[in-house]
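Below: input_14.pdb (PDB, C-alpha atoms and all ligand atoms)
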MODEL        1
ATOM      1  CA  MET A  79      -0.509 -19.770  11.066
ATOM      2  CA  ASN A  80       2.851 -18.825   9.608
ATOM      3  CA  SER A  81       5.264 -16.653  11.566
ATOM      4  CA  SER A  82       6.434 -13.235  10.389
ATOM      5  CA  SER A  83       9.892 -14.697   9.684
ATOM      6  CA  GLU A  84       8.344 -17.387   7.445
ATOM      7  CA  TRP A  85       6.519 -14.660   5.522
ATOM      8  CA  HIS A  86       9.698 -12.596   5.166
ATOM      9  CA  ALA A  87      11.629 -15.606   3.867
ATOM     10  CA  ALA A  88       8.899 -16.534   1.373
ATOM     11  CA  VAL A  89       8.449 -13.000   0.010
ATOM     12  CA  ASN A  90      12.212 -12.443  -0.237
ATOM     13  CA  ALA A  91      12.532 -15.724  -2.133
ATOM     14  CA  ILE A  92       9.961 -14.846  -4.794
ATOM     15  CA  VAL A  93      10.723 -11.143  -5.331
ATOM     16  CA  PRO A  94      13.610 -11.748  -7.810
ATOM     17  CA  GLU A  95      11.159 -13.689 -10.020
ATOM     18  CA  VAL A  96       8.438 -11.028  -9.849
ATOM     19  CA  HIS A  97       8.058  -8.684 -12.840
ATOM     20  CA  PRO A  98       9.829  -5.340 -12.149
ATOM     21  CA  ILE A  99       6.525  -3.496 -12.200
ATOM     22  CA  ASP A 100       5.412  -5.345  -9.048
ATOM     23  CA  ARG A 101       8.679  -5.781  -7.113
ATOM     24  CA  ASP A 102       8.249  -2.730  -4.890
ATOM     25  CA  ALA A 103       4.470  -3.064  -4.981
ATOM     26  CA  ILE A 104       4.481  -6.491  -3.331
ATOM     27  CA  ARG A 105       6.688  -5.208  -0.496
ATOM     28  CA  ILE A 106       4.372  -2.219  -0.074
ATOM     29  CA  TRP A 107       1.301  -4.485   0.075
ATOM     30  CA  PHE A 108       2.867  -6.627   2.821
ATOM     31  CA  ALA A 109       3.864  -3.467   4.727
ATOM     32  CA  LEU A 110       0.311  -2.112   4.456
ATOM     33  CA  TRP A 111      -1.259  -5.345   5.710
ATOM     34  CA  PRO A 112       1.148  -6.640   8.377
ATOM     35  CA  LEU A 113       0.354  -9.606  10.587
ATOM     36  CA  LEU A 114       1.687  -7.481  13.440
ATOM     37  CA  ALA A 115      -1.170  -4.959  13.277
ATOM     38  CA  ARG A 116      -3.663  -7.807  13.319
ATOM     39  CA  GLU A 117      -1.887  -9.481  16.233
ATOM     40  CA  VAL A 118      -1.894  -6.395  18.473
ATOM     41  CA  LEU A 119      -5.648  -6.046  17.997
ATOM     42  CA  ALA A 120      -6.166  -9.699  18.905
ATOM     43  CA  ALA A 121      -3.762  -9.675  21.884
ATOM     44  CA  ARG A 122      -6.454  -8.901  24.446
ATOM     45  CA  PRO A 123     -10.068 -10.121  24.652
ATOM     46  CA  ASP A 124     -11.375  -6.551  24.493
ATOM     47  CA  ARG A 125     -10.680  -5.750  20.833
ATOM     48  CA  GLU A 126     -12.430  -2.391  20.999
ATOM     49  CA  LYS A 127     -10.064  -1.320  23.758
ATOM     50  CA  MET A 128      -7.102  -2.337  21.590
ATOM     51  CA  VAL A 129      -8.527  -0.430  18.602
ATOM     52  CA  THR A 130      -8.735   2.689  20.775
ATOM     53  CA  PHE A 131      -5.350   2.248  22.433
ATOM     54  CA  PHE A 132      -3.522   1.698  19.142
ATOM     55  CA  GLN A 133      -5.545   4.511  17.523
ATOM     56  CA  MET A 134      -6.649   2.325  14.638
ATOM     57  CA  ASN A 135      -8.676   4.310  12.131
ATOM     58  CA  GLY A 136     -10.162   3.562   8.703
ATOM     59  CA  GLN A 137     -10.523   0.098   7.153
ATOM     60  CA  PHE A 138      -7.919  -1.851   9.151
ATOM     61  CA  ASP A 139      -9.721  -5.172   8.678
ATOM     62  CA  LEU A 140      -8.521  -6.760   5.437
ATOM     63  CA  ALA A 141     -11.600  -8.970   4.890
ATOM     64  CA  PRO A 142     -13.858  -6.339   3.198
ATOM     65  CA  LEU A 143     -10.963  -5.432   0.885
ATOM     66  CA  ALA A 144      -9.820  -8.987   0.138
ATOM     67  CA  ASP A 145     -10.471  -8.576  -3.609
ATOM     68  CA  THR A 146      -9.283  -4.980  -3.982
ATOM     69  CA  SER A 147      -6.496  -4.219  -1.484
ATOM     70  CA  HIS A 148      -3.911  -5.130  -4.158
ATOM     71  CA  ILE A 149      -5.352  -3.092  -7.023
ATOM     72  CA  PHE A 150      -2.064  -1.165  -7.272
ATOM     73  CA  LEU A 151      -0.198  -4.286  -8.376
ATOM     74  CA  TYR A 152      -0.210  -4.975 -12.102
ATOM     75  CA  GLY A 153      -0.789  -8.623 -11.160
ATOM     76  CA  HIS A 154      -4.196  -7.666  -9.764
ATOM     77  CA  ARG A 155      -5.428  -8.451 -13.280
ATOM     78  CA  TYR A 156      -4.787 -12.128 -12.522
ATOM     79  CA  TRP A 157      -6.555 -12.245  -9.153
ATOM     80  CA  VAL A 158      -9.414 -14.378 -10.483
ATOM     81  CA  PRO A 159      -7.226 -17.294 -11.715
ATOM     82  CA  ILE A 160      -5.130 -17.057  -8.545
ATOM     83  CA  LYS A 161      -8.223 -17.381  -6.357
ATOM     84  CA  ALA A 162      -9.384 -20.320  -8.468
ATOM     85  CA  ALA A 163      -6.023 -22.078  -8.020
ATOM     86  CA  LEU A 164      -5.696 -21.539  -4.271
ATOM     87  CA  GLN A 165      -6.444 -24.707  -2.323
ATOM     88  CA  PRO A 166      -6.632 -23.880   1.428
ATOM     89  CA  GLU A 167      -5.992 -27.492   2.393
ATOM     90  CA  LEU A 168      -2.747 -27.661   0.360
ATOM     91  CA  GLU A 169       0.140 -29.014   2.450
ATOM     92  CA  GLY A 170       3.806 -28.028   2.520
ATOM     93  CA  ASP A 171       5.807 -25.067   3.705
ATOM     94  CA  LEU A 172       4.651 -21.544   2.900
ATOM     95  CA  LEU A 173       6.966 -20.996  -0.074
ATOM     96  CA  THR A 174       5.948 -24.318  -1.626
ATOM     97  CA  ARG A 175       2.268 -23.467  -1.276
ATOM     98  CA  ILE A 176       2.794 -20.019  -2.804
ATOM     99  CA  ARG A 177       4.693 -21.532  -5.741
ATOM    100  CA  THR A 178       2.208 -24.360  -6.289
ATOM    101  CA  THR A 179      -0.743 -21.963  -6.434
ATOM    102  CA  ALA A 180       1.109 -19.654  -8.846
ATOM    103  CA  GLU A 181       2.238 -22.480 -11.100
ATOM    104  CA  THR A 182      -1.172 -24.149 -11.296
ATOM    105  CA  SER A 183      -3.003 -20.902 -12.076
ATOM    106  CA  ASP A 184      -3.530 -19.635 -15.624
ATOM    107  CA  ALA A 185      -1.557 -16.468 -14.841
ATOM    108  CA  PRO A 186       1.999 -15.666 -16.032
ATOM    109  CA  LEU A 187       4.409 -16.727 -13.291
ATOM    110  CA  GLU A 188       6.073 -13.287 -12.994
ATOM    111  CA  PHE A 189       2.716 -11.908 -11.824
ATOM    112  CA  ALA A 190       1.210 -15.046 -10.331
ATOM    113  CA  LEU A 191       3.908 -15.427  -7.642
ATOM    114  CA  ALA A 192       3.199 -12.039  -6.043
ATOM    115  CA  MET A 193      -0.556 -12.483  -6.257
ATOM    116  CA  SER A 194      -0.318 -15.998  -4.843
ATOM    117  CA  ALA A 195       1.656 -14.692  -1.834
ATOM    118  CA  ILE A 196      -0.993 -12.019  -1.303
ATOM    119  CA  ALA A 197      -3.772 -14.601  -1.615
ATOM    120  CA  TRP A 198      -2.147 -16.819   1.038
ATOM    121  CA  MET A 199      -1.706 -13.876   3.418
ATOM    122  CA  THR A 200      -5.317 -12.862   2.796
ATOM    123  CA  LEU A 201      -6.361 -16.425   3.605
ATOM    124  CA  GLU A 202      -4.310 -16.298   6.821
ATOM    125  CA  GLN A 203      -5.850 -13.019   7.939
ATOM    126  CA  CYS A 204      -9.427 -13.465   6.708
ATOM    127  CA  GLY A 205     -10.125 -17.185   6.299
ATOM    128  CA  PRO A 206     -11.508 -18.718   3.068
ATOM    129  CA  ALA A 207     -14.751 -16.689   2.772
ATOM    130  CA  PHE A 208     -13.283 -14.439   0.039
ATOM    131  CA  LEU A 209     -12.447 -17.327  -2.292
ATOM    132  CA  PRO A 210     -15.939 -17.996  -3.725
ATOM    133  CA  VAL A 211     -16.824 -14.279  -3.983
ATOM    134  CA  VAL A 212     -17.356 -13.313  -7.633
ATOM    135  CA  TYR A 213     -15.078 -10.423  -8.556
ATOM    136  CA  GLU A 214     -13.964  -9.020 -11.892
ATOM    137  CA  PRO A 215     -10.994  -6.612 -11.855
ATOM    138  CA  LYS A 216     -11.835  -3.357 -13.636
ATOM    139  CA  VAL A 217      -8.388  -2.274 -14.784
ATOM    140  CA  PRO A 218      -6.958  -1.433 -18.222
ATOM    141  CA  MET A 219      -5.431  -4.460 -20.006
ATOM    142  CA  GLU A 220      -2.272  -2.640 -21.090
ATOM    143  CA  GLU A 221       1.122  -4.249 -21.505
ATOM    144  CA  PRO A 222       3.098  -4.018 -18.245
ATOM    145  CA  GLU A 223       5.921  -2.146 -19.995
ATOM    146  CA  THR A 224       3.446   0.536 -21.178
ATOM    147  CA  PHE A 225       2.042   0.767 -17.683
ATOM    148  CA  LEU A 226       5.510   0.983 -16.132
ATOM    149  CA  ARG A 227       6.605   3.722 -18.559
ATOM    150  CA  ARG A 228       3.685   5.884 -17.431
ATOM    151  CA  ARG A 229       4.493   5.441 -13.710
ATOM    152  CA  ALA A 230       5.476   8.671 -11.897
ATOM    153  CA  THR A 231       5.411  10.727 -15.133
ATOM    154  CA  HIS A 232       4.518  14.406 -15.531
ATOM    155  CA  PHE A 233       1.072  15.407 -16.764
ATOM    156  CA  ARG A 234       1.149  16.285 -20.442
ATOM    157  CA  PRO A 235      -2.212  17.645 -21.604
ATOM    158  CA  SER A 236      -3.573  16.849 -25.044
ATOM    159  CA  LEU A 237      -4.131  19.664 -27.526
ATOM    160  CA  VAL A 238      -7.812  19.760 -26.571
ATOM    161  CA  GLU A 239      -6.944  19.919 -22.865
ATOM    162  CA  ARG A 240      -4.425  22.722 -23.495
ATOM    163  CA  PHE A 241      -7.128  24.610 -25.359
ATOM    164  CA  LYS A 242      -9.292  24.245 -22.224
ATOM    165  CA  GLY A 243      -6.508  25.725 -20.120
ATOM    166  CA  ARG A 244      -4.876  22.624 -18.625
ATOM    167  CA  ALA A 245      -1.124  23.124 -18.327
ATOM    168  CA  PRO A 246       1.669  20.539 -18.143
ATOM    169  CA  SER A 247       2.740  19.821 -14.572
ATOM    170  CA  GLU A 248       4.679  17.597 -12.255
ATOM    171  CA  ARG A 249       2.295  15.534 -10.204
ATOM    172  CA  ILE A 250       1.549  12.966  -7.514
ATOM    173  CA  ILE A 251      -0.372  10.010  -8.935
ATOM    174  CA  PHE A 252      -2.351   8.252  -6.198
ATOM    175  CA  HIS A 253      -4.221   5.583  -8.190
ATOM    176  CA  GLU A 254      -2.473   4.409 -11.346
ATOM    177  CA  ASN A 255      -5.583   2.793 -12.828
ATOM    178  CA  ASP A 256      -7.548   6.040 -12.778
ATOM    179  CA  GLU A 257      -6.400   8.720 -15.238
ATOM    180  CA  GLU A 258      -7.821  11.493 -13.059
ATOM    181  CA  ALA A 259      -6.307  10.286  -9.774
ATOM    182  CA  TRP A 260      -3.446  12.785  -9.484
ATOM    183  CA  PHE A 261      -2.772  16.292  -8.237
ATOM    184  CA  PRO A 262      -0.070  18.749  -9.308
ATOM    185  CA  ILE A 263       2.938  19.436  -7.135
ATOM    186  CA  ILE A 264       5.433  22.285  -7.101
ATOM    187  CA  PRO A 265       8.946  20.867  -6.641
ATOM    188  CA  THR A 266      10.107  20.909  -2.986
ATOM    189  CA  GLN A 267       6.506  20.941  -1.703
ATOM    190  CA  GLU A 268       5.501  18.433   0.965
ATOM    191  CA  ILE A 269       3.155  15.885  -0.582
ATOM    192  CA  THR A 270       0.244  16.742   1.742
ATOM    193  CA  THR A 271       0.638  20.479   1.068
ATOM    194  CA  ALA A 272       0.118  19.818  -2.632
ATOM    195  CA  ALA A 273      -2.690  17.338  -1.935
ATOM    196  CA  GLU A 274      -4.735  19.861   0.038
ATOM    197  CA  LEU A 275      -5.180  22.014  -3.055
ATOM    198  CA  ASP A 276      -7.186  19.214  -4.655
ATOM    199  CA  LYS A 277     -10.768  20.119  -3.714
ATOM    200  CA  ARG A 278     -12.576  17.062  -5.064
ATOM    201  CA  ALA A 279     -14.946  15.191  -2.710
ATOM    202  CA  PHE A 280     -12.578  12.519  -1.389
ATOM    203  CA  HIS A 281     -14.330  12.595   1.996
ATOM    204  CA  THR A 282     -17.250  10.718   0.407
ATOM    205  CA  LYS A 283     -14.937   7.765  -0.392
ATOM    206  CA  ASP A 284     -12.678   7.718   2.680
ATOM    207  CA  LYS A 285     -14.189   8.838   5.981
ATOM    208  CA  ARG A 286     -10.734   9.811   7.259
ATOM    209  CA  CYS A 287     -10.507  12.596   4.646
ATOM    210  CA  TYR A 288     -11.826  16.041   5.509
ATOM    211  CA  GLU A 289     -13.982  17.911   3.014
ATOM    212  CA  ALA A 290     -11.917  19.852   0.436
ATOM    213  CA  MET A 291      -8.636  18.719   2.025
ATOM    214  CA  GLY A 292      -7.395  16.355  -0.673
ATOM    215  CA  PRO A 293      -7.165  12.580  -1.092
ATOM    216  CA  ILE A 294      -4.542  11.881   1.604
ATOM    217  CA  PRO A 295      -6.027  11.727   5.126
ATOM    218  CA  VAL A 296      -4.262  14.155   7.499
ATOM    219  CA  ASP A 297      -4.833  15.098  11.136
ATOM    220  CA  CYS A 298      -1.838  17.263  12.003
ATOM    221  CA  ARG A 299       0.603  17.866   9.107
ATOM    222  CA  ALA A 300       3.344  17.891  11.741
ATOM    223  CA  GLY A 301       4.362  14.238  12.049
ATOM    224  CA  SER A 302       2.308  13.765  15.223
ATOM    225  CA  CYS A 303      -0.659  11.596  14.218
ATOM    226  CA  GLY A 304       0.563   9.031  11.662
ATOM    227  CA  THR A 305      -2.552   9.452   9.527
ATOM    228  CA  CYS A 306      -0.731  10.432   6.320
ATOM    229  CA  TRP A 307       1.455   7.368   5.709
ATOM    230  CA  VAL A 308       1.825   6.351   2.065
ATOM    231  CA  GLY A 309       3.586   3.731  -0.044
ATOM    232  CA  ILE A 310       5.986   4.943  -2.753
ATOM    233  CA  LEU A 311       5.235   2.968  -5.899
ATOM    234  CA  GLY A 312       7.389   4.977  -8.325
ATOM    235  CA  GLY A 313       9.592   8.072  -8.482
ATOM    236  CA  ASN A 314      11.196   7.388  -5.092
ATOM    237  CA  GLU A 315      14.384   9.032  -6.374
ATOM    238  CA  ASN A 316      12.396  12.279  -6.683
ATOM    239  CA  LEU A 317      11.787  12.489  -2.931
ATOM    240  CA  ASP A 318      13.956  14.140  -0.331
ATOM    241  CA  PRO A 319      15.699  11.597   1.929
ATOM    242  CA  VAL A 320      14.198  10.681   5.283
ATOM    243  CA  GLU A 321      15.331  13.005   8.057
ATOM    244  CA  ALA A 322      15.835  12.017  11.688
ATOM    245  CA  PHE A 323      12.456  13.370  12.792
ATOM    246  CA  GLU A 324      10.465  11.375  10.217
ATOM    247  CA  ARG A 325      12.554   8.287  10.992
ATOM    248  CA  GLY A 326      11.737   8.586  14.689
ATOM    249  CA  ARG A 327       8.038   9.085  14.051
ATOM    250  CA  MET A 328       7.851   6.060  11.732
ATOM    251  CA  GLU A 329       9.356   3.948  14.473
ATOM    252  CA  TYR A 330       6.822   5.314  16.956
ATOM    253  CA  PHE A 331       3.867   4.634  14.636
ATOM    254  CA  GLY A 332       5.107   1.113  13.791
ATOM    255  CA  TYR A 333       4.766   1.470  10.017
ATOM    256  CA  TRP A 334       8.278   0.174   9.405
ATOM    257  CA  ASP A 335       7.965  -2.742  11.830
ATOM    258  CA  SER A 336       6.550  -5.181   9.278
ATOM    259  CA  GLY A 337      10.097  -5.895   8.041
ATOM    260  CA  PHE A 338       9.019  -5.905   4.400
ATOM    261  CA  VAL A 339      10.619  -2.591   3.456
ATOM    262  CA  ASP A 340      14.271  -1.570   3.815
ATOM    263  CA  THR A 341      14.294   1.132   6.484
ATOM    264  CA  ASP A 342      18.067   1.684   6.643
ATOM    265  CA  CYS A 343      18.129   3.425   3.281
ATOM    266  CA  ASP A 344      17.536   7.131   2.560
ATOM    267  CA  ARG A 345      14.258   6.558   0.757
ATOM    268  CA  PRO A 346      12.173   3.696   2.214
ATOM    269  CA  LEU A 347       9.050   2.573   0.371
ATOM    270  CA  ILE A 348       6.797   3.776   3.229
ATOM    271  CA  ARG A 349       6.837   7.475   4.167
ATOM    272  CA  LEU A 350       4.882  10.152   6.023
ATOM    273  CA  ALA A 351       3.404  12.362   3.291
ATOM    274  CA  CYS A 352       3.392  15.477   5.493
ATOM    275  CA  GLN A 353       7.148  15.133   6.102
ATOM    276  CA  THR A 354       8.146  14.177   2.560
ATOM    277  CA  LYS A 355       9.113  16.729  -0.062
ATOM    278  CA  ALA A 356       8.818  15.775  -3.707
ATOM    279  CA  ASN A 357      11.101  17.327  -6.290
ATOM    280  CA  SER A 358       9.302  15.834  -9.264
ATOM    281  CA  SER A 359       6.521  13.389 -10.158
ATOM    282  CA  VAL A 360       5.852  10.419  -7.880
ATOM    283  CA  SER A 361       3.334   7.565  -7.767
ATOM    284  CA  ILE A 362       1.959   6.659  -4.339
ATOM    285  CA  VAL A 363      -0.430   4.250  -2.627
ATOM    286  CA  ILE A 364      -2.746   5.611   0.073
ATOM    287  CA  PRO A 365      -3.365   2.961   2.772
ATOM    288  CA  ALA A 366      -6.950   2.266   3.831
ATOM    289  CA  TRP A 367      -6.148   2.693   7.534
ATOM    290  CA  ASN A 368      -3.721   4.224  10.017
ATOM    291  CA  GLY A 369      -2.710   3.500  13.610
ATOM    292  CA  VAL A 370      -0.047   3.952  16.274
ATOM    293  CA  TYR A 371       1.338   0.547  17.225
ATOM    294  CA  GLY A 372       5.132   0.935  17.321
ATOM    295  CA  LYS A 373       7.316  -0.973  19.761
ATOM    296  CA  SER A 374       7.059   1.591  22.573
ATOM    297  CA  ARG A 375       3.247   1.548  22.351
ATOM    298  CA  ARG A 376       3.120  -2.234  22.176
ATOM    299  CA  GLU A 377       5.357  -2.602  25.222
ATOM    300  CA  LYS A 378       3.140  -0.246  27.191
ATOM    301  CA  GLU A 379      -0.051  -2.229  26.632
ATOM    302  CA  LEU A 380       1.370  -5.688  25.875
ATOM    303  CA  PRO A 381       4.491  -5.949  28.084
ATOM    304  CA  ASP A 382       4.665  -9.713  27.850
TER     305      ASP A 382
HETATM  306  S1  LIG B 401      -0.654  14.425   9.024
HETATM  307 FE1  LIG B 401      -0.131  13.804  11.018
HETATM  308  S2  LIG B 401       1.725  12.726  10.758
HETATM  309 FE2  LIG B 401       1.309  13.535   8.797
ENDMDL
END

Using structure tokens, write down the structure that the file contains.
Amino acid sequence: MNSSSEWHAAVNAIVPEVHPIDRDAIRIWFALWPLLAREVLAARPDREKMVTFFQMNGQFDLAPLADTSHIFLYGHRYWVPIKAALQPELEGDLLTRIRTTAETSDAPLEFALAMSAIAWMTLEQCGPAFLPVVYEPKVPMEEPETFLRRRATHFRPSLVERFKGRAPSERIIFHENDEEAWFPIIPTQEITTAAELDKRAFHTKDKRCYEAMGPIPVDCRAGSCGTCWVGILGGNENLDPVEAFERGRMEYFGYWDSGFVDTDCDRPLIRLACQTKANSSVSIVIPAWNGVYGKSRREKELPD
């Protein structure tokens, strides 16, 4: 087991060498899958009691998502060679192991480093069972620069789409690999307010979503539940800054406690969608789970 500080040091060391398209994405992935959340669930023998106390909901176990949790990184395209190169018995410190796996894979280093770090964290949280699983990423093989240029852009309908009545709009993109995974937003709207106008059947894919209530799970829309946390993949500059209320709630929920995102700035990479106003197009990541495991909650149940 590697400590959280070893993980921070290793990720910070590789980020400058990661392709710009994945620099924020790798920090978001590590914030969405923190060792801390796993540790609080394992802190007492009665895991179910911990799940209830920390209000864990959705797919908070990484193992079933070992091959797909990182689909929002461009480097996901190289997951297969990274898995093939990962040797669980490899010795050395964490950074050396991450580098060795990246360098011995057939993937370009600027993508391989991030995916190797994710693979080693997945190994730490899930064990080696995911390594022999056959998986083929189903994502467009576009150049990263093309992909990056499209990030957080407005919707511009084709001539045919305009003829059918589709109008240009600013939007929230919530799955960059799926051309239809976006909803329009009116500038200054909260992200969840815009999301709720999307009436597609997201509840069939994520049990936390209510029918006809959009793709982002919500339980309160008032900053009380922590269900609506999201990662900001692109267009962060188009969001209103964090206000004191949202800052306090993020500390209570524990979403900023991973240490992988800068929380002192005005626009951290992890936000509460019901408290965040967008002034233009943004690209987000919707986590597979939510919980309430901030320091005050941890100290209540796990004082030592
Ligand atoms: S929906 Fe409850 S905190 Fe945002």

So that I can see what lies close to segment 370-373 of chain A, please list as a JSON list (two decimals) with C-alpha atoms, keeping the file's coordinate frame the residues with an atom at most 6 Å from it, counting all atoms listed in the file and leaving out residues fewer than 2 positions away in the same chain.
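Output file part.json is given in full below:
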[["chain", "number", "residue", "atom", "x", "y", "z"],
["A", 132, "PHE", "CA", -3.52, 1.70, 19.14],
["A", 133, "GLN", "CA", -5.54, 4.51, 17.52],
["A", 329, "GLU", "CA", 9.36, 3.95, 14.47],
["A", 330, "TYR", "CA", 6.82, 5.31, 16.96],
["A", 331, "PHE", "CA", 3.87, 4.63, 14.64],
["A", 332, "GLY", "CA", 5.11, 1.11, 13.79],
["A", 375, "ARG", "CA", 3.25, 1.55, 22.35],
["A", 376, "ARG", "CA", 3.12, -2.23, 22.18]]

Residues within 7 Å of Met291 of chain A, all atoms listed in the file, excluding chain neighbours under 6 positions, as a ChimeraX atom specification: /A:274-277

Check which residues fall inside 12 Å of ligand LIG 401 (chain B) when counting only C-alpha atoms and all ligand atoms, and print them as a PDB file with C-alpha atoms, keeping the file's coordinate frame.
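Writing the result to out27.pdb gives the following:
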ATOM      1  CA  GLU A 268       5.501  18.433   0.965  1.00  0.00           C
ATOM      2  CA  ILE A 269       3.155  15.885  -0.582  1.00  0.00           C
ATOM      3  CA  THR A 270       0.244  16.742   1.742  1.00  0.00           C
ATOM      4  CA  THR A 271       0.638  20.479   1.068  1.00  0.00           C
ATOM      5  CA  ALA A 273      -2.690  17.338  -1.935  1.00  0.00           C
ATOM      6  CA  GLU A 274      -4.735  19.861   0.038  1.00  0.00           C
ATOM      7  CA  ARG A 286     -10.734   9.811   7.259  1.00  0.00           C
ATOM      8  CA  CYS A 287     -10.507  12.596   4.646  1.00  0.00           C
ATOM      9  CA  TYR A 288     -11.826  16.041   5.509  1.00  0.00           C
ATOM     10  CA  MET A 291      -8.636  18.719   2.025  1.00  0.00           C
ATOM     11  CA  GLY A 292      -7.395  16.355  -0.673  1.00  0.00           C
ATOM     12  CA  ILE A 294      -4.542  11.881   1.604  1.00  0.00           C
ATOM     13  CA  PRO A 295      -6.027  11.727   5.126  1.00  0.00           C
ATOM     14  CA  VAL A 296      -4.262  14.155   7.499  1.00  0.00           C
ATOM     15  CA  ASP A 297      -4.833  15.098  11.136  1.00  0.00           C
ATOM     16  CA  CYS A 298      -1.838  17.263  12.003  1.00  0.00           C
ATOM     17  CA  ARG A 299       0.603  17.866   9.107  1.00  0.00           C
ATOM     18  CA  ALA A 300       3.344  17.891  11.741  1.00  0.00           C
ATOM     19  CA  GLY A 301       4.362  14.238  12.049  1.00  0.00           C
ATOM     20  CA  SER A 302       2.308  13.765  15.223  1.00  0.00           C
ATOM     21  CA  CYS A 303      -0.659  11.596  14.218  1.00  0.00           C
ATOM     22  CA  GLY A 304       0.563   9.031  11.662  1.00  0.00           C
ATOM     23  CA  THR A 305      -2.552   9.452   9.527  1.00  0.00           C
ATOM     24  CA  CYS A 306      -0.731  10.432   6.320  1.00  0.00           C
ATOM     25  CA  TRP A 307       1.455   7.368   5.709  1.00  0.00           C
ATOM     26  CA  VAL A 308       1.825   6.351   2.065  1.00  0.00           C
ATOM     27  CA  PHE A 323      12.456  13.370  12.792  1.00  0.00           C
ATOM     28  CA  GLU A 324      10.465  11.375  10.217  1.00  0.00           C
ATOM     29  CA  ARG A 325      12.554   8.287  10.992  1.00  0.00           C
ATOM     30  CA  GLY A 326      11.737   8.586  14.689  1.00  0.00           C
ATOM     31  CA  ARG A 327       8.038   9.085  14.051  1.00  0.00           C
ATOM     32  CA  MET A 328       7.851   6.060  11.732  1.00  0.00           C
ATOM     33  CA  TYR A 330       6.822   5.314  16.956  1.00  0.00           C
ATOM     34  CA  PHE A 331       3.867   4.634  14.636  1.00  0.00           C
ATOM     35  CA  TYR A 333       4.766   1.470  10.017  1.00  0.00           C
ATOM     36  CA  ARG A 349       6.837   7.475   4.167  1.00  0.00           C
ATOM     37  CA  LEU A 350       4.882  10.152   6.023  1.00  0.00           C
ATOM     38  CA  ALA A 351       3.404  12.362   3.291  1.00  0.00           C
ATOM     39  CA  CYS A 352       3.392  15.477   5.493  1.00  0.00           C
ATOM     40  CA  GLN A 353       7.148  15.133   6.102  1.00  0.00           C
ATOM     41  CA  THR A 354       8.146  14.177   2.560  1.00  0.00           C
ATOM     42  CA  ASN A 368      -3.721   4.224  10.017  1.00  0.00           C
ATOM     43  CA  GLY A 369      -2.710   3.500  13.610  1.00  0.00           C
ATOM     44  CA  VAL A 370      -0.047   3.952  16.274  1.00  0.00           C
TER      45      VAL A 370
END

Residue with smallest distance to His97 of chain A - pool A:Glu223, A:Glu188, A:Glu254, A:Glu321, counting all atoms listed in the file: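 Among A:Glu223, A:Glu188, A:Glu254, A:Glu321, it is A:Glu188 that comes nearest to His97 of chain A.
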
Atom pair atom CA of Asp344 of chain A / atom CA of Leu311 of chain A: separation (Å): 15.5 Å

Neighbour residues at most 8 Å from (7.4, -19.8, 0.2) (all atoms listed in the file) as a ChimeraX atom specification: /A:84-85,87-89,91-92,171-177,195

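Pairwise distance (atom CA of Ala366 of chain A, atom CA of Ser147 of chain A) equals 8.4 Å.
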
For atom CA of Asp340 of chain A and atom CA of Arg101 of chain A, the interatomic separation in Å (one decimal): 13.0 Å
